[in-house]
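In what follows, a single structure is set out as structure tokens and then discussed.
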Amino acid sequence: MKNWSAALQLLVVGFYVPLSLLIPTGIGLWLDRKVFHEFPLCTLIGLGIGTIIMVYGVYQMLRPFLKEAKMTEKGSPAKQKMTKSTTLINSGKKRSKKEG
């Protein structure tokens with residue numbers, strides 16, 4: 001059941017990205033047609049605002065996945081073994097420098 005939840009959240013992200021870009025850009029385009037007739041200033045501002053909304057929203061939606069990945073990485077026995085062996089290797093290098 002957890003996999004369906006993750007798939008649904010990723011599906012929501014897939015719809016969120018284009019909508020968060022298209023809606024502010026469309027409003028800017030509409031304003032440009034009504035107010036400014038030459039330079040698409042409102043369209044560019046809408047695109048910028050939509051990009052900021054999109055980046056922030058995607059980060060907020062994916063943050064639980066990032067936290068979960070970090071927790072599984074910390075709790076992984078292979079990661080702990082690798083950290084211990086790296087510490088031993090690094091401490092051996094320090095000793096050889098002191099001896100030499």
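Ordering of the structure tokens sets the chain letters (A, B, ...), residue numbers begin anew at 1 in every chain, and ligands are numbered from 1 in the order given.
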
Considering only C-alpha atoms, return as a PyMOL selection string whatever protein or nucleic-acid residues lie within 7 Å of stretch 49-55 of chain A, sequence-local ones (same chain, fewer than 6 positions apart) excluded.
chain A and resi 17+20-21+24-25

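Taking atom CA of A:Leu44 and atom CA of A:Gln60 as the two end points, the separation is 24.4 Å.
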
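Across the model, the gap from atom CA of A:Ile27 to atom CA of A:Cys42 is 8.0 Å.
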